[in-house]
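**Student:** Structure file model_21.tsv, TSV, C-alpha atoms, is pasted below:
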chain	number	residue	atom	x	y	z
B	133	MET	CA	0.00	0.00	0.00
B	134	ARG	CA	2.95	2.33	0.62
B	135	ASP	CA	3.86	2.18	-3.08
B	136	LEU	CA	0.44	3.59	-4.00
B	137	GLY	CA	1.28	6.78	-2.12
B	138	VAL	CA	4.81	6.87	-3.53
B	139	GLY	CA	3.48	6.58	-7.08
B	140	PHE	CA	0.98	9.39	-6.50
B	141	GLY	CA	3.80	11.43	-4.98
B	142	HIS	CA	5.84	11.08	-8.18
B	143	LEU	CA	2.86	12.39	-10.13
B	144	LEU	CA	2.58	15.46	-7.88
B	145	LYS	CA	6.33	16.08	-7.94
B	146	GLY	CA	6.31	15.99	-11.73
B	147	GLN	CA	3.59	18.63	-11.84
B	148	ARG	CA	5.50	20.78	-9.35
B	149	TRP	CA	8.69	20.40	-11.40
B	150	VAL	CA	7.15	21.79	-14.60
B	151	ALA	CA	5.41	24.52	-12.60
B	152	ARG	CA	8.88	25.69	-11.52
B	153	HIS	CA	10.31	25.38	-15.04
B	154	GLY	CA	8.01	27.44	-17.23
B	155	ARG	CA	9.89	26.87	-20.48
B	156	SER	CA	9.65	23.10	-20.10
B	157	PHE	CA	5.92	23.39	-19.42
B	158	ASP	CA	5.36	25.50	-22.54
B	159	LEU	CA	7.45	23.06	-24.56
B	160	GLY	CA	5.26	20.14	-23.50
B	161	LEU	CA	1.90	21.79	-24.22
B	162	LEU	CA	2.00	21.88	-28.02
B	163	PRO	CA	1.91	18.10	-28.72
B	164	GLY	CA	-1.03	17.67	-26.33
B	165	LEU	CA	-2.99	20.48	-27.99
B	166	ILE	CA	-2.52	18.93	-31.43
B	167	THR	CA	-3.61	15.50	-30.18
B	168	LEU	CA	-6.61	16.97	-28.35
B	169	VAL	CA	-7.91	18.60	-31.54
B	170	LEU	CA	-7.56	15.32	-33.47
B	171	TYR	CA	-9.28	13.25	-30.77
B	172	ALA	CA	-12.07	15.78	-30.25
B	173	ALA	CA	-12.85	15.67	-33.96
B	174	ALA	CA	-12.93	11.86	-33.89
B	175	LEU	CA	-15.26	11.72	-30.88
B	176	VAL	CA	-17.59	14.34	-32.37
B	177	ALA	CA	-17.76	12.29	-35.56
B	178	LEU	CA	-18.53	9.18	-33.49
B	179	ALA	CA	-21.32	10.99	-31.68
B	180	ILE	CA	-22.84	12.27	-34.92
B	181	TRP	CA	-22.57	9.17	-37.08
B	182	GLY	CA	-22.33	6.45	-34.45
B	183	GLU	CA	-26.06	5.72	-34.53
B	184	ASP	CA	-26.00	5.35	-38.32
B	185	ALA	CA	-23.04	2.99	-38.08
B	186	VAL	CA	-24.82	0.84	-35.49
B	187	ALA	CA	-28.01	0.73	-37.60
B	188	TRP	CA	-25.94	-0.35	-40.62
B	189	ALA	CA	-24.24	-3.09	-38.57
B	190	THR	CA	-27.52	-4.47	-37.12
B	191	PRO	CA	-29.92	-5.04	-40.04
B	192	PHE	CA	-31.34	-8.08	-38.25
B	193	ALA	CA	-33.07	-5.74	-35.76
B	194	ASP	CA	-35.19	-4.07	-38.44
B	195	GLY	CA	-37.97	-6.63	-38.08
B	196	TRP	CA	-38.20	-6.45	-34.29
B	197	PRO	CA	-41.36	-4.98	-32.79
B	198	SER	CA	-41.22	-1.46	-31.43
B	199	PRO	CA	-39.58	-0.20	-29.23
B	200	TRP	CA	-36.87	-2.91	-29.13
B	201	PRO	CA	-34.88	-1.86	-32.22
B	202	GLY	CA	-34.50	1.67	-30.88
B	203	LEU	CA	-33.58	0.54	-27.37
B	204	PHE	CA	-31.11	-2.06	-28.65
B	205	ARG	CA	-29.40	0.29	-31.07
B	206	GLY	CA	-29.40	3.13	-28.57
B	207	PHE	CA	-27.62	0.91	-26.06
B	208	LEU	CA	-25.05	-0.17	-28.66
B	209	THR	CA	-24.49	3.44	-29.72
B	210	ALA	CA	-23.85	4.50	-26.13
B	211	ALA	CA	-21.57	1.51	-25.56
B	212	LEU	CA	-19.66	2.31	-28.76
B	213	PHE	CA	-19.09	5.90	-27.63
B	214	VAL	CA	-17.95	4.78	-24.16
B	215	LEU	CA	-15.55	2.29	-25.75
B	216	GLY	CA	-14.24	5.02	-28.03
B	217	LEU	CA	-13.76	7.32	-25.06
B	218	LEU	CA	-11.89	4.60	-23.16
B	219	LEU	CA	-9.61	3.94	-26.13
B	220	ALA	CA	-9.07	7.69	-26.49
B	221	VAL	CA	-7.91	7.88	-22.86
B	222	VAL	CA	-5.60	4.88	-23.28
B	223	THR	CA	-4.14	5.99	-26.61
B	224	PHE	CA	-4.03	9.75	-25.98
B	225	THR	CA	-0.69	9.46	-24.23
B	226	ALA	CA	0.82	7.22	-26.92
B	227	VAL	CA	-0.22	9.54	-29.76
B	228	THR	CA	0.84	12.67	-27.87
B	229	LEU	CA	4.22	11.14	-27.04
B	230	LEU	CA	4.69	10.11	-30.66
B	231	ILE	CA	3.90	13.60	-31.92
B	232	GLY	CA	5.99	15.26	-29.23
B	233	GLN	CA	8.82	12.70	-28.93
B	234	PRO	CA	11.68	15.19	-29.45
B	235	PHE	CA	10.14	17.71	-27.05
B	236	TYR	CA	9.47	15.18	-24.29
B	237	GLU	CA	12.95	13.71	-24.68
B	238	ILE	CA	14.39	17.13	-23.87
B	239	LEU	CA	12.00	17.58	-20.93
B	240	SER	CA	12.82	14.15	-19.50
B	241	GLU	CA	16.57	14.76	-19.81
B	242	GLN	CA	16.18	18.08	-17.99
B	243	VAL	CA	14.39	16.32	-15.12
B	244	ASP	CA	17.12	13.67	-14.97
B	245	ARG	CA	19.84	16.30	-14.80
B	246	ASP	CA	17.98	18.31	-12.17
B	247	VAL	CA	17.47	15.40	-9.75
B	248	SER	CA	20.69	13.51	-10.46
B	249	PRO	CA	23.38	14.00	-7.78
B	250	ASP	CA	26.05	14.65	-10.44
B	251	GLY	CA	23.81	16.67	-12.75
B	252	THR	CA	24.02	14.23	-15.66
B	253	ALA	CA	21.35	12.32	-17.59
B	254	PRO	CA	21.41	9.07	-19.58
B	255	GLU	CA	21.41	9.76	-23.30
B	256	SER	CA	20.33	7.55	-26.17
B	257	ALA	CA	22.98	6.67	-28.73
B	258	LEU	CA	20.31	6.17	-31.41
B	259	PRO	CA	19.49	8.74	-34.09
B	260	LEU	CA	16.18	10.56	-33.84
B	261	TRP	CA	14.52	8.66	-36.69
B	262	ARG	CA	15.38	5.37	-34.98
B	263	GLU	CA	13.94	6.57	-31.66
B	264	LEU	CA	10.73	7.63	-33.41
B	265	TRP	CA	10.44	4.24	-35.12
B	266	ILE	CA	10.94	2.33	-31.86
B	267	SER	CA	8.47	4.59	-30.06
B	268	ALA	CA	5.81	4.09	-32.77
B	269	ARG	CA	6.37	0.34	-32.88
B	270	ASP	CA	6.20	-0.08	-29.10
B	271	SER	CA	3.16	2.21	-28.87
B	272	LEU	CA	1.35	0.00	-31.38
B	273	ARG	CA	2.20	-3.09	-29.33
B	274	VAL	CA	0.92	-1.43	-26.17
B	275	LEU	CA	-2.21	-0.29	-28.01
B	276	VAL	CA	-2.97	-3.87	-29.05
B	277	ARG	CA	-2.63	-5.03	-25.45
B	278	ALA	CA	-4.83	-2.16	-24.24
B	279	ALA	CA	-7.43	-2.92	-26.91
B	280	VAL	CA	-7.60	-6.57	-25.82
B	281	TRP	CA	-8.18	-5.48	-22.25
B	282	GLY	CA	-10.75	-2.93	-23.42
B	283	VAL	CA	-12.78	-5.51	-25.35
B	284	LEU	CA	-12.60	-7.94	-22.42
B	285	LEU	CA	-13.76	-5.36	-19.91
B	286	PHE	CA	-16.46	-4.19	-22.31
B	287	ALA	CA	-17.81	-7.76	-22.46
B	288	LEU	CA	-17.60	-8.18	-18.68
B	289	GLY	CA	-19.57	-4.97	-18.30
B	290	PHE	CA	-22.72	-6.87	-19.27
B	291	LEU	CA	-22.51	-8.99	-16.11
B	292	PRO	CA	-25.11	-7.95	-13.50
B	293	ILE	CA	-23.79	-5.94	-10.54
B	294	VAL	CA	-20.14	-6.90	-11.17
B	295	GLY	CA	-20.18	-5.17	-14.54
B	296	GLN	CA	-21.35	-1.92	-12.97
B	297	THR	CA	-19.10	-1.96	-9.89
B	298	VAL	CA	-15.95	-4.09	-10.09
B	299	VAL	CA	-15.29	-3.86	-13.84
B	300	PRO	CA	-15.03	-0.01	-13.99
B	301	VAL	CA	-12.53	-0.07	-11.12
B	302	ILE	CA	-10.44	-2.71	-12.88
B	303	GLY	CA	-10.69	-0.63	-16.05
B	304	PHE	CA	-9.15	2.41	-14.36
B	305	PHE	CA	-6.26	0.36	-12.96
B	306	VAL	CA	-5.62	-1.21	-16.37
B	307	THR	CA	-5.75	2.23	-18.00
B	308	GLY	CA	-3.38	3.58	-15.35
B	309	PHE	CA	-0.89	0.79	-15.99
B	310	PHE	CA	-0.72	1.41	-19.72
B	311	LEU	CA	-0.63	5.19	-19.26
B	312	THR	CA	2.35	4.81	-16.96
B	313	GLU	CA	4.13	2.50	-19.39
B	314	GLU	CA	3.77	4.99	-22.21
B	315	LEU	CA	4.97	7.90	-20.10
B	316	ALA	CA	7.85	6.07	-18.43
B	317	ALA	CA	8.97	4.76	-21.83
B	318	VAL	CA	10.42	8.20	-22.59
B	319	ALA	CA	13.00	7.81	-19.82
B	320	LEU	CA	13.35	4.02	-19.94
B	321	GLN	CA	13.84	3.82	-23.71
B	322	ARG	CA	16.60	6.41	-23.38
B	323	ARG	CA	18.27	3.96	-20.98
B	324	GLY	CA	18.12	1.18	-23.57
B	325	LEU	CA	15.25	-0.88	-22.10
B	326	GLU	CA	13.12	-2.78	-24.60
B	327	LEU	CA	9.33	-3.02	-24.27
B	328	ARG	CA	9.42	-6.50	-22.73
B	329	ASP	CA	11.92	-5.35	-20.09
B	330	ARG	CA	9.88	-2.23	-19.37
B	331	LEU	CA	6.69	-4.21	-18.85
B	332	ALA	CA	8.47	-6.66	-16.53
B	333	LEU	CA	9.91	-3.74	-14.56
B	334	LEU	CA	6.50	-2.12	-14.18
B	335	ARG	CA	4.84	-5.40	-13.16
B	336	SER	CA	7.44	-5.84	-10.42
B	337	ARG	CA	5.91	-2.86	-8.57
B	338	LYS	CA	2.29	-2.70	-9.69
B	339	ALA	CA	1.14	-0.64	-6.70
B	340	LEU	CA	3.68	2.07	-7.54
B	341	VAL	CA	2.49	2.11	-11.15
B	342	TRP	CA	-1.19	2.18	-10.16
B	343	GLY	CA	-0.60	5.00	-7.68
B	344	PHE	CA	0.85	7.06	-10.51
B	345	GLY	CA	-1.33	6.03	-13.44
B	346	ALA	CA	-4.83	5.46	-12.00
B	347	PRO	CA	-5.34	9.05	-10.72
B	348	LEU	CA	-3.84	10.34	-13.95
B	349	GLY	CA	-6.28	8.24	-15.98
B	350	LEU	CA	-9.18	9.69	-13.99
B	351	ALA	CA	-7.89	13.22	-14.54
B	352	PHE	CA	-7.52	12.57	-18.27
B	353	LEU	CA	-11.27	11.99	-18.49
B	354	VAL	CA	-11.84	15.71	-17.86
B	355	PRO	CA	-11.73	17.67	-21.15
B	356	PHE	CA	-8.54	19.71	-21.70
B	357	VAL	CA	-6.99	18.50	-18.43
B	358	ALA	CA	-4.81	15.92	-20.20
B	359	VAL	CA	-3.15	18.63	-22.28
B	360	PHE	CA	-2.04	20.63	-19.25
B	361	LEU	CA	-1.04	17.57	-17.21
B	362	MET	CA	1.07	15.93	-19.93
B	363	PRO	CA	4.32	17.89	-19.32
B	364	GLY	CA	4.16	17.18	-15.59
B	365	ALA	CA	3.18	13.57	-16.26
B	366	VAL	CA	6.33	13.08	-18.35
B	367	ALA	CA	8.41	14.70	-15.61
B	368	GLY	CA	6.78	12.54	-12.92
B	369	ALA	CA	7.22	9.39	-15.01
B	370	THR	CA	10.93	10.18	-15.26
B	371	LEU	CA	11.10	10.30	-11.46
B	372	LEU	CA	9.15	7.03	-11.31
B	373	ALA	CA	11.57	5.42	-13.78
B	374	ARG	CA	14.51	6.40	-11.58
B	375	ASP	CA	12.70	4.88	-8.60
B	376	LEU	CA	12.07	1.62	-10.46
B	377	LEU	CA	15.74	1.40	-11.42
B	378	ASP	CA	16.94	2.35	-7.91
B	379	GLU	CA	18.85	5.34	-9.26
B	380	GLU	CA	19.94	7.87	-6.67
B	381	THR	CA	17.71	10.92	-6.78
B	382	VAL	CA	18.10	14.27	-5.07
B	383	ASP	CA	14.64	15.64	-4.30
B	384	ARG	CA	14.58	19.26	-5.38
B	385	THR	CA	10.86	19.41	-6.15
B	386	ASP	CA	10.01	20.73	-2.69
B	387	GLY	CA	12.58	23.52	-2.78
B	388	GLU	CA	14.36	22.34	0.39
B	389	THR	CA	17.71	21.82	-1.31
B	390	GLY	CA	17.51	24.70	-3.73
B	391	ASP	CA	16.22	25.09	-7.25
B	392	ARG	CA	18.64	24.35	-10.05
B	393	ASP	CA	17.30	26.10	-13.11
B	394	THR	CA	18.36	24.58	-16.39
B	395	GLY	CA	18.98	26.44	-19.60
B	396	ASP	CA	17.68	25.59	-23.03
B	397	ASP	CA	20.53	23.13	-23.49
B	398	GLY	CA	19.77	21.44	-20.18
B	399	SER	CA	22.97	22.76	-18.53
B	400	ASN	CA	23.04	23.68	-14.84
B	401	ARG	CA	23.23	27.40	-14.21
B	402	ASP	CA	24.35	26.85	-10.63
B	403	THR	CA	27.84	25.90	-11.80
B	404	GLY	CA	30.56	28.27	-12.86
B	405	ASP	CA	32.79	28.08	-15.89
B	406	ASP	CA	35.36	26.14	-13.91
B	407	GLY	CA	32.84	23.40	-13.10
B	408	SER	CA	32.43	24.41	-9.47
B	409	ASN	CA	29.08	25.08	-7.86
B	410	ARG	CA	28.14	28.02	-5.72
B	411	ASP	CA	29.22	26.21	-2.57
B	412	GLY	CA	32.73	25.81	-3.95
B	413	ASP	CA	32.49	22.06	-4.57
B	414	THR	CA	33.67	20.64	-7.85
B	415	VAL	CA	31.02	18.90	-9.90
B	416	THR	CA	32.11	16.43	-12.56
B	417	ARG	CA	29.88	16.07	-15.56
B	418	ALA	CA	30.02	14.03	-18.68
B	419	PRO	CA	29.97	16.13	-21.85
B	420	GLN	CA	26.44	16.65	-23.10
B	421	ALA	CA	25.56	16.90	-26.77
B	422	PRO	CA	23.13	19.72	-27.55
B	423	ARG	CA	19.59	18.55	-28.19
B	424	THR	CA	17.10	20.35	-30.43
B	425	PRO	CA	13.39	19.61	-30.82
B	426	TRP	CA	13.55	19.28	-34.59
What does this structure look like when you write it as structure tokens?
**Tutor:**
Amino acid sequence: MRDLGVGFGHLLKGQRWVARHGRSFDLGLLPGLITLVLYAAALVALAIWGEDAVAWATPFADGWPSPWPGLFRGFLTAALFVLGLLLAVVTFTAVTLLIGQPFYEILSEQVDRDVSPDGTAPESALPLWRELWISARDSLRVLVRAAVWGVLLFALGFLPIVGQTVVPVIGFFVTGFFLTEELAAVALQRRGLELRDRLALLRSRKALVWGFGAPLGLAFLVPFVAVFLMPGAVAGATLLARDLLDEETVDRTDGETGDRDTGDDGSNRDTGDDGSNRDGDTVTRAPQAPRTPW
């Protein structure tokens, strides 16, 4: 149960981190806004033409006595929209991360440098096009898994009592797990972990993952909230990834140990040209290649 609180704490710390780093927050908003417009258009289309699609798919109900065809098709239309909304919540993160991969890579690296004791961050040796390909491929694999769970839970929703009580709760935990995987993949992929290894790592501490992802999944159901939470969610998932890998982390999200502001290139402004910090201690850093979002 302790891990549930720790996971939720990472989510809050990620939001606080981007609140203190305005440029990183602005950087992470654009991909979410683009994805929101695309998904809103798709859901509006589903609401407008969903009933026609259901009527086309159920010609056998035409001969039923009134009012059964209308009730049956109305139920299927509502169920179709709910399923579409659930898939939108599950896939919103994957699509947003795919669109904003270069931006979120920079944000995640900045978080790593800020909380790392030596001010460094793991960097991928792969070219950008290769990272985008791996991200798209893994997102598709995760989407297939999420869709299987979605169909299963949709079917279980027809069970009396259980379908209206237990199944929705399970659905939010499943959604939270896959949301966390997609968000943590930004930091874990940069460390060279394949999808299978990432899933095994997340399953090893399910409570931690649920504490992070389940509340986030609930928040994502509120229109526009997902867009503004995405930058902080990426930051929090980076902290969660460090926790899963037992990497030493200096907690600067509460301001107790000072705020190290990072520049556009992710460098630490608290160090001088000679590599010493303001307290006079020497800080050794590995050379960092400049990263650009294009």
**Student:** Given only C-alpha atoms as the basis, pick out the residue of B:Leu361, B:Leu315, B:Leu376, B:Val294 nearest to B:Arg335.
**Tutor:**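 Result for the nearest residue to B:Arg335: B:Leu376.
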**Student:** Find the distance between atom CA of B:Phe356 and atom CA of B:Leu165 and write it in Å to one decimal.
**Tutor:**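 Atom CA of B:Phe356 sits 8.4 Å away from atom CA of B:Leu165.
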**Student:** Between atom CA of B:Gly251 and atom CA of B:Asp383, measure the distance and give it in Å to one decimal.
**Tutor:**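 Going from atom CA of B:Gly251 over to atom CA of B:Asp383, I get 12.5 Å.
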**Student:** Hey, what's within 8 Å of stretch 151-162 of chain B if we count all atoms listed in the file and toss same-chain stuff fewer than 3 positions away? As an MDAnalysis selection string, please?
**Tutor:** chainID B and resid 147:148 165:166 232 235:236 239 359:360 362:364 393
**Student:** Rank B:Pro254, B:Gly343, B:Pro163, B:Gly303 by their smallest atom-to-atom distance to B:Arg374, using all atoms listed in the file, and report the top residue only.
**Tutor:**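 That would be B:Pro254, the residue with the smallest distance to B:Arg374.
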**Student:** How many Å separate atom CA of B:Pro249 from atom CA of B:Arg323?
**Tutor:**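 If I compute the distance from atom CA of B:Pro249 to atom CA of B:Arg323, I get 17.4 Å.
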**Student:** Which is closest to B:Glu255 among B:Leu327, B:Ala193, B:Leu320, B:Leu217, if we use all atoms listed in the file?
**Tutor:** B:Leu320
**Student:** Choose the residue, out of B:Gly164, B:Gly308, B:Gly137, B:Asp375, that has the smallest atom-to-atom separation from B:Thr228; count all atoms listed in the file.
**Tutor:**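 Of B:Gly164, B:Gly308, B:Gly137, B:Asp375, the one nearest B:Thr228 is B:Gly164, counting all atoms listed in the file.
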**Student:** For B:Asp329, please output as number ranges by chain all residues within 12 Å (counting all atoms listed in the file; exclusion window: fewer than 3 positions along the same chain).
**Tutor:** B: 270, 313, 317, 320-321, 323-326, 332-336, 376-377
**Student:** Counting all atoms listed in the file, which of B:Phe286, B:Trp261, B:Phe213, B:Phe140 gets nearest to B:Ala365?
**Tutor:** B:Phe140
**Student:** Using only C-alpha atoms, which residue out of B:Glu263, B:Gly195, B:Gly141, B:Arg245 lies closest to B:Pro347?
**Tutor:**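 Selected residue with least distance to B:Pro347: B:Gly141.
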**Student:** Could you pull the residues within 12 Å of B:Met133, counting only C-alpha atoms, minus those fewer than 4 positions along the same chain, as a PyMOL selection string?
**Tutor:** chain B and resi 137-140+337-343
**Student:** Do you know which residues are at most 8 Å from B:Leu371 counting only C-alpha atoms, after dropping those on the same chain fewer than 5 positions away, and could you put them as a list of chain:residue names?
**Tutor:**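 The residues satisfying every condition are B:His142, B:Gly146, B:Val243, B:Asp244.
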**Student:** Can you tell me which residues surround B:Ser271 at a distance of at most 9 Å, considering only C-alpha atoms, apart from same-chain residues fewer than 5 positions away, and format the answer as a VMD selection string?
**Tutor:** chain B and resid 223 226 to 227 230 266 276 314
**Student:** Given the point (-14.5, -5.2, -16.7) in the coordinates of this file, which residues lie within 9 Å, counting only C-alpha atoms, and how would they look as JSON, numbers by chain?
**Tutor:** {"B": [281, 282, 283, 284, 285, 286, 287, 288, 289, 290, 291, 294, 295, 296, 297, 298, 299, 300, 301, 302, 303]}
**Student:** Can you put all heavy atoms back into stretch 166-176 of chain B and show it as an mmCIF file, in the frame of the given file?
**Tutor:**
data_model
loop_
_atom_site.group_PDB
_atom_site.id
_atom_site.type_symbol
_atom_site.label_atom_id
_atom_site.label_comp_id
_atom_site.auth_asym_id
_atom_site.auth_seq_id
_atom_site.Cartn_x
_atom_site.Cartn_y
_atom_site.Cartn_z
ATOM 1 N N ILE B 166 -2.297 19.512 -30.104
ATOM 2 C CA ILE B 166 -2.520 18.930 -31.430
ATOM 3 C C ILE B 166 -3.318 17.629 -31.310
ATOM 4 O O ILE B 166 -4.290 17.399 -32.034
ATOM 5 C CB ILE B 166 -1.175 18.667 -32.136
ATOM 6 C CG1 ILE B 166 -0.455 19.988 -32.405
ATOM 7 C CG2 ILE B 166 -1.388 17.899 -33.437
ATOM 8 C CD1 ILE B 166 0.943 19.823 -32.946
ATOM 9 N N THR B 167 -2.916 16.776 -30.363
ATOM 10 C CA THR B 167 -3.610 15.500 -30.180
ATOM 11 C C THR B 167 -5.047 15.718 -29.721
ATOM 12 O O THR B 167 -5.955 15.007 -30.152
ATOM 13 C CB THR B 167 -2.863 14.633 -29.149
ATOM 14 O OG1 THR B 167 -1.482 14.547 -29.512
ATOM 15 C CG2 THR B 167 -3.445 13.238 -29.087
ATOM 16 N N LEU B 168 -5.262 16.688 -28.843
ATOM 17 C CA LEU B 168 -6.610 16.970 -28.350
ATOM 18 C C LEU B 168 -7.546 17.351 -29.496
ATOM 19 O O LEU B 168 -8.692 16.879 -29.546
ATOM 20 C CB LEU B 168 -6.554 18.090 -27.313
ATOM 21 C CG LEU B 168 -7.911 18.512 -26.732
ATOM 22 C CD1 LEU B 168 -8.531 17.372 -25.932
ATOM 23 C CD2 LEU B 168 -7.759 19.745 -25.858
ATOM 24 N N VAL B 169 -7.083 18.186 -30.400
ATOM 25 C CA VAL B 169 -7.910 18.600 -31.540
ATOM 26 C C VAL B 169 -8.277 17.376 -32.392
ATOM 27 O O VAL B 169 -9.437 17.206 -32.802
ATOM 28 C CB VAL B 169 -7.175 19.653 -32.381
ATOM 29 C CG1 VAL B 169 -7.928 19.926 -33.681
ATOM 30 C CG2 VAL B 169 -7.023 20.950 -31.593
ATOM 31 N N LEU B 170 -7.309 16.515 -32.657
ATOM 32 C CA LEU B 170 -7.560 15.320 -33.470
ATOM 33 C C LEU B 170 -8.564 14.387 -32.794
ATOM 34 O O LEU B 170 -9.497 13.878 -33.439
ATOM 35 C CB LEU B 170 -6.247 14.577 -33.732
ATOM 36 C CG LEU B 170 -5.203 15.317 -34.570
ATOM 37 C CD1 LEU B 170 -3.911 14.507 -34.649
ATOM 38 C CD2 LEU B 170 -5.739 15.593 -35.968
ATOM 39 N N TYR B 171 -8.395 14.161 -31.491
ATOM 40 C CA TYR B 171 -9.280 13.250 -30.770
ATOM 41 C C TYR B 171 -10.682 13.837 -30.606
ATOM 42 O O TYR B 171 -11.679 13.110 -30.669
ATOM 43 C CB TYR B 171 -8.679 12.892 -29.413
ATOM 44 C CG TYR B 171 -7.764 11.700 -29.461
ATOM 45 C CD1 TYR B 171 -6.629 11.724 -30.255
ATOM 46 C CD2 TYR B 171 -8.026 10.560 -28.724
ATOM 47 C CE1 TYR B 171 -5.776 10.651 -30.312
ATOM 48 C CE2 TYR B 171 -7.179 9.473 -28.776
ATOM 49 C CZ TYR B 171 -6.054 9.524 -29.570
ATOM 50 O OH TYR B 171 -5.207 8.446 -29.642
ATOM 51 N N ALA B 172 -10.756 15.141 -30.379
ATOM 52 C CA ALA B 172 -12.070 15.780 -30.250
ATOM 53 C C ALA B 172 -12.854 15.644 -31.546
ATOM 54 O O ALA B 172 -14.065 15.356 -31.530
ATOM 55 C CB ALA B 172 -11.899 17.253 -29.876
ATOM 56 N N ALA B 173 -12.187 15.819 -32.668
ATOM 57 C CA ALA B 173 -12.850 15.670 -33.960
ATOM 58 C C ALA B 173 -13.349 14.245 -34.151
ATOM 59 O O ALA B 173 -14.466 14.017 -34.645
ATOM 60 C CB ALA B 173 -11.889 16.054 -35.086
ATOM 61 N N ALA B 174 -12.536 13.262 -33.738
ATOM 62 C CA ALA B 174 -12.930 11.860 -33.890
ATOM 63 C C ALA B 174 -14.128 11.520 -33.014
ATOM 64 O O ALA B 174 -15.063 10.823 -33.453
ATOM 65 C CB ALA B 174 -11.749 10.949 -33.553
ATOM 66 N N LEU B 175 -14.146 12.015 -31.782
ATOM 67 C CA LEU B 175 -15.260 11.720 -30.880
ATOM 68 C C LEU B 175 -16.545 12.429 -31.321
ATOM 69 O O LEU B 175 -17.638 11.880 -31.177
ATOM 70 C CB LEU B 175 -14.892 12.135 -29.451
ATOM 71 C CG LEU B 175 -13.851 11.253 -28.753
ATOM 72 C CD1 LEU B 175 -13.464 11.850 -27.400
ATOM 73 C CD2 LEU B 175 -14.374 9.831 -28.569
ATOM 74 N N VAL B 176 -16.415 13.637 -31.845
ATOM 75 C CA VAL B 176 -17.590 14.340 -32.370
ATOM 76 C C VAL B 176 -18.175 13.577 -33.548
ATOM 77 O O VAL B 176 -19.392 13.398 -33.671
ATOM 78 C CB VAL B 176 -17.228 15.778 -32.771
ATOM 79 C CG1 VAL B 176 -18.358 16.416 -33.575
ATOM 80 C CG2 VAL B 176 -16.933 16.618 -31.535
#
